[in-house]
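Step one of this worksheet: look at the structure below.
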Amino acid sequence: MASSGIPEDQLNTLLDQPVDTPLRQTLRRFRRHRLAMVGVVIIVVLGAGAALGSGEAALKQTLADANLPPSAAYWFGTDANGRDEFARTLVGGRVSLLVGLVAVFFSTAIGTVLGSIAGYYRAADYVIMRAVDIVMSFPTIVLLLVAVSILGPGIFNIMLLIGLVTWPVPCRIVRGEFLKLREAEFVIAARCIGLRDRAIILRHLLPNAIAPLIVYASLGVAFAVLTEAGLSYLGLGVQPPTPSWGNMLNAARSLSTLELMPWQWVPPAIMMVTFVLAVNFVGDGLRDALDPHSTSNH
Amino acid sequence: MTTYIVRRLLTALPVLFGITILVFLFLALAPGDPVSAYINPELGQNEVVRQIIIKRYGLDQPLPVRYVSWLVQALQGNLGYTAVAGLPVLGTVVRGLTASAVLIGTALSLGIIIGLPLGVISALRQYSKLDFTLTTLAFLGISTPSFLLAILGLWLFGLELGVFPIGDMQTAGAPFTLGDFAAHLALPALVLGLGYIAILTRYTRSAMLEVVRSPYVTTAESKGLVPRVVIIRHAFRNALIPILTVIGLSLPDMVGGAVITETVFTWPGMGLLMVQGVVARDYPLIMGVSLFVAIGVLAANLLTDVAYAVADPRIRY
């Protein structure tokens with residue numbers, strides 16, 4: 001101990017301090033991002049509300065109470081079928097968030113696998129990238145509309161399809177990262193000691209793509225929630241009676257509801273925008289926190 | 001430069017080919033039976049008639065053969081007839097394309113005329129109250145889907161204030177006048193444009209922030225040039241390069257946003273056609289619209305890449 005030249009008491013305080021790992025540094029930078037922290041709080045509150053919503057109350061029809069304005073009994077009023085809008089807004093949030101998360105999971109999984117293959121194997125690169133070009137030539141909503149016309153609407157189809165049409169973005173992220181590092185010394189070294197491709201991809205290359213993938217995934221949830229809402233608004237997404245923020249907004253397609261019964265469409269609209277705004281804040285904070293070189297523009 | 005354009009065109013060809021295969025597969029994968037659509041329902045499902053129709057339209061051929069004959073016809077401008085109205089798909093889609101182009105073009109112009117200056121101001125006054133307000137508004141604009149803005153616009157301007165007519169491109173039955181057309185265009189273009197303004201403000205701001213820190217701007221300032229010249233001629237022109245890419249790359253999203261906006265305002269463009277096609281399961285129409293949209297996006301990406309190469313002489317291919 002004494003040979004290090006540092007007095008023992010100072011050495012002990014040094015040793016007591018936690019090691020400043022990259023993860024801790026990232027978390028510290030993230031916590032300092034004020035808007036991102038606001039976003040986290042909003043997401044936690046909305047998530048809790050979505051988790052606590054009563055599925056039973058959201059589906060229970062009391063036709064005698066149809067189209068009632070907000071009151072003590074029905075905080076957000078009722079819809080055209082006499083269902084409690086407050087419960088539907090909460091449960092609708094649960095459905096929308098679930099669709100968003102599952103869709104992004106599919107999208108990221110497909111994109112990561114294809115992006116890794118394209119980035120690592122030159123032979124596969126051309127084919128996969130042309131597939132990316134083809135899919136990206138269609139606006140997401142157009143592809144989804146076509147897919148829905150073939151497979152039919154429904155909550156599971158929507159999750160799967162959003163994942164199936166948005167994979168090119170994570171695919172390009174992963175591929176770009178691989179191309180940058182494919183010839184780096186540590187990858188050549190890994191190859192020299194005889195590691196198999198699988199190990200090089202999974203252990204040496206893929207971890208470098210995790211930071212941009214996390215940013216993509218967070219913003220992707222916002223995009224998926226908006227996409228689901230757009231489809232459901234058109235009546236081609238999540239089908240009633242299951243509520244989602246998007247299909248609750250479908251009520252606003254009737255001009256009389258739009259003008260005379262704002263309680264039927266304003267709450268899901270506010271919830272959706274608040275959620276997406278919060279996710280965008282968090283995504284921005286993550287981008288700044290995960291990439292120390294990026295200049296924070298906030 | 002010419003080699004670059006030629007090479008870029010050559011990579012676009014297989015993509016174009018792939019797009020046609022994908023669009024053809026839409027019809028092949030579609031549920032339902034194209035044959036029964038041709039049989040007068042009053043005649044009932046007659047097996048002999050069925051066989052005759054299958055033979056006549058080559059539906060007994062394998063998929064690749066059917067694809068080639070579809071492609072040959074499509075290249076000659078024959079995209080078939082819409083299942084619901086029985087009109088030629090090509091004419092229907094071209095009319096939709098014109099309407100969409102007017103709407104998206106107007107909205108994009110709004111976005112550029114308003115969004116770029118706002119972004120520049122926001123960047124030059126970084127961290128000021130104005131910057132904070134603009135950034136927050138831009139965030140809000142990005143987080144609000146265009147169809148929600150459309151609903152709000154419809155509610156506020158169409159119903160509550162009643163300043164704009166709602167729906168379609170002109171007053172039904174009235175003769176075409178430019179004023180009437182502009183009044184119908186105003187609300188959807190404004191709604192769509194707000195989203196573009198938000199996106200472009202944000203990108204212009206970060207592009208400008210990136211550029212004003214670069215050495216050549218410092219050099220220009222230390223030479224004693226007036227700030228206006230430094231900002232416009234030295235900083236802004238360089239910031240335009242990434243902005244150009246953003247406009248080109250976000251074109252698919254812009255078209256996507258227009259799909260739902262058109263539906264809300266029943267603006268008779270590609271988006272409305274698409275939604276009507278999906279609701280009615282009108283596959284020839286769906287194929288025609290998606291084919292045109294995809295080719296349009298592909299062409300726009302191509303133009304962006306070429307414009308990028310022209311605008312930035314530092315890039316040598």
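Letters for chains follow the order of the structure tokens (A, B, ...), residue numbers begin at 1 for each chain, and ligand numbers begin at 1 in the order shown.
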
Got a sec: who's within 10 Å of region 259-273 of chain B, counting only C-alpha atoms, leaving out chain neighbours fewer than 3 positions off, as a VMD selection string? (chain A and resid 139 141 to 142 230 to 231 233 to 234 252 to 253) or (chain B and resid 92 to 104 145 to 151 153 to 154 165 to 170 184 to 185 187 to 189 191 to 192 253 to 256 276 to 279 282 285 to 286 288 to 290 292 to 293)

For the interface of chain A with chain B (cut-off 7 Å, counting only C-alpha atoms), please tabulate each contacting residue of chain A alongside its nearest pair of atoms and their separation in Å to one decimal, rows sorted by chain and increasing number, as a Markdown table.
```
| residue | atom | partner | partner_atom | distance |
| --- | --- | --- | --- | --- |
| A:Arg130 | CA | B:Val15 | CA | 6.1 |
| A:Asp133 | CA | B:Val15 | CA | 6.4 |
| A:Ile134 | CA | B:Val15 | CA | 5.5 |
| A:Ser137 | CA | B:Ala294 | CA | 4.9 |
| A:Phe138 | CA | B:Ala294 | CA | 5.0 |
| A:Pro139 | CA | B:Pro252 | CA | 4.6 |
| A:Thr140 | CA | B:Gly256 | CA | 6.7 |
| A:Ile141 | CA | B:Gly256 | CA | 5.5 |
| A:Val142 | CA | B:Gly256 | CA | 6.7 |
| A:Leu145 | CA | B:Val278 | CA | 6.6 |
| A:Val146 | CA | B:Val278 | CA | 6.8 |
| A:Ser149 | CA | B:Val278 | CA | 5.4 |
| A:Ile150 | CA | B:Ala30 | CA | 5.0 |
| A:Leu226 | CA | B:Pro145 | CA | 6.4 |
| A:Gly230 | CA | B:Phe147 | CA | 6.9 |
| A:Leu258 | CA | B:Trp155 | CA | 6.5 |
| A:Glu259 | CA | B:Trp155 | CA | 6.5 |
| A:Val273 | CA | B:Thr144 | CA | 5.6 |
| A:Val276 | CA | B:Ser143 | CA | 5.5 |
| A:Leu277 | CA | B:Ser143 | CA | 5.2 |
```

For region 112-124 of chain A: contacts at 9 Å, only C-alpha atoms, fewer than 2 positions along chain excluded, given as a tab-separated table (two decimals) with N, CA and C atoms, in the first residue's frame:
```tsv
chain	number	residue	atom	x	y	z
A	107	SER	N	-39.10	-4.07	-35.38
A	107	SER	CA	-38.33	-3.27	-36.33
A	107	SER	C	-36.83	-3.34	-36.01
A	108	THR	N	-36.49	-3.15	-34.72
A	108	THR	CA	-35.09	-3.15	-34.32
A	108	THR	C	-34.47	-4.53	-34.51
A	109	ALA	N	-35.24	-5.58	-34.18
A	109	ALA	CA	-34.70	-6.93	-34.30
A	109	ALA	C	-34.39	-7.25	-35.77
A	110	ILE	N	-35.36	-7.00	-36.65
A	110	ILE	CA	-35.14	-7.31	-38.07
A	110	ILE	C	-33.99	-6.46	-38.60
A	126	TYR	N	-25.05	-5.82	-51.11
A	126	TYR	CA	-25.75	-5.24	-52.26
A	126	TYR	C	-27.23	-5.58	-52.22
A	127	VAL	N	-27.52	-6.88	-52.00
A	127	VAL	CA	-28.91	-7.34	-52.02
A	127	VAL	C	-29.72	-6.65	-50.91
A	128	ILE	N	-29.17	-6.67	-49.71
A	128	ILE	CA	-29.92	-6.10	-48.58
A	128	ILE	C	-30.13	-4.60	-48.76
A	129	MET	N	-29.10	-3.91	-49.24
A	129	MET	CA	-29.26	-2.46	-49.39
A	129	MET	C	-30.25	-2.10	-50.49
A	167	TRP	N	-38.06	-1.45	-40.63
A	167	TRP	CA	-36.73	-2.00	-40.34
A	167	TRP	C	-35.58	-1.34	-41.09
A	168	PRO	N	-35.80	-0.70	-42.28
A	168	PRO	CA	-34.63	-0.15	-42.98
A	168	PRO	C	-33.83	0.87	-42.16
A	170	PRO	N	-33.13	1.10	-38.64
A	170	PRO	CA	-32.10	0.47	-37.82
A	170	PRO	C	-31.10	-0.33	-38.64
A	171	CYS	N	-31.56	-0.89	-39.77
A	171	CYS	CA	-30.65	-1.66	-40.62
A	171	CYS	C	-29.51	-0.77	-41.12
A	172	ARG	N	-29.86	0.43	-41.56
A	172	ARG	CA	-28.83	1.36	-42.04
A	172	ARG	C	-27.91	1.81	-40.92
A	173	ILE	N	-28.48	2.01	-39.72
A	173	ILE	CA	-27.67	2.44	-38.59
A	173	ILE	C	-26.60	1.39	-38.29
A	174	VAL	N	-27.05	0.13	-38.16
A	174	VAL	CA	-26.13	-0.94	-37.79
A	174	VAL	C	-25.10	-1.14	-38.90
A	175	ARG	N	-25.56	-1.14	-40.15
A	175	ARG	CA	-24.63	-1.34	-41.27
A	175	ARG	C	-23.57	-0.24	-41.29
A	176	GLY	N	-24.01	1.01	-41.11
A	176	GLY	CA	-23.08	2.12	-41.14
A	176	GLY	C	-22.00	1.96	-40.08
A	177	GLU	N	-22.41	1.56	-38.90
A	177	GLU	CA	-21.47	1.38	-37.79
A	177	GLU	C	-20.48	0.25	-38.11
A	178	PHE	N	-21.02	-0.84	-38.70
A	178	PHE	CA	-20.16	-1.98	-39.06
A	178	PHE	C	-19.14	-1.58	-40.13
A	179	LEU	N	-19.60	-0.84	-41.13
A	179	LEU	CA	-18.69	-0.45	-42.21
A	179	LEU	C	-17.55	0.38	-41.67
A	182	ARG	N	-15.33	-2.21	-39.59
A	182	ARG	CA	-15.01	-3.54	-40.09
A	182	ARG	C	-13.50	-3.73	-40.22
A	197	ASP	N	-16.88	-15.57	-37.09
A	197	ASP	CA	-17.62	-14.37	-37.49
A	197	ASP	C	-18.69	-14.00	-36.46
A	201	ILE	N	-19.04	-10.43	-34.71
A	201	ILE	CA	-20.21	-9.58	-34.90
A	201	ILE	C	-20.87	-9.28	-33.56
A	205	LEU	N	-18.46	-6.02	-32.76
A	205	LEU	CA	-19.01	-4.98	-33.62
A	205	LEU	C	-20.35	-4.44	-33.09
A	206	LEU	N	-21.26	-5.36	-32.76
A	206	LEU	CA	-22.61	-4.94	-32.40
A	206	LEU	C	-22.65	-3.98	-31.19
A	213	LEU	N	-28.70	2.71	-31.73
A	213	LEU	CA	-29.92	1.90	-31.75
A	213	LEU	C	-30.87	2.30	-30.63
```

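Taking CA of Pro240 (chain A) and CA of Leu219 (chain A) as the two end points, the separation is 26.9 Å.
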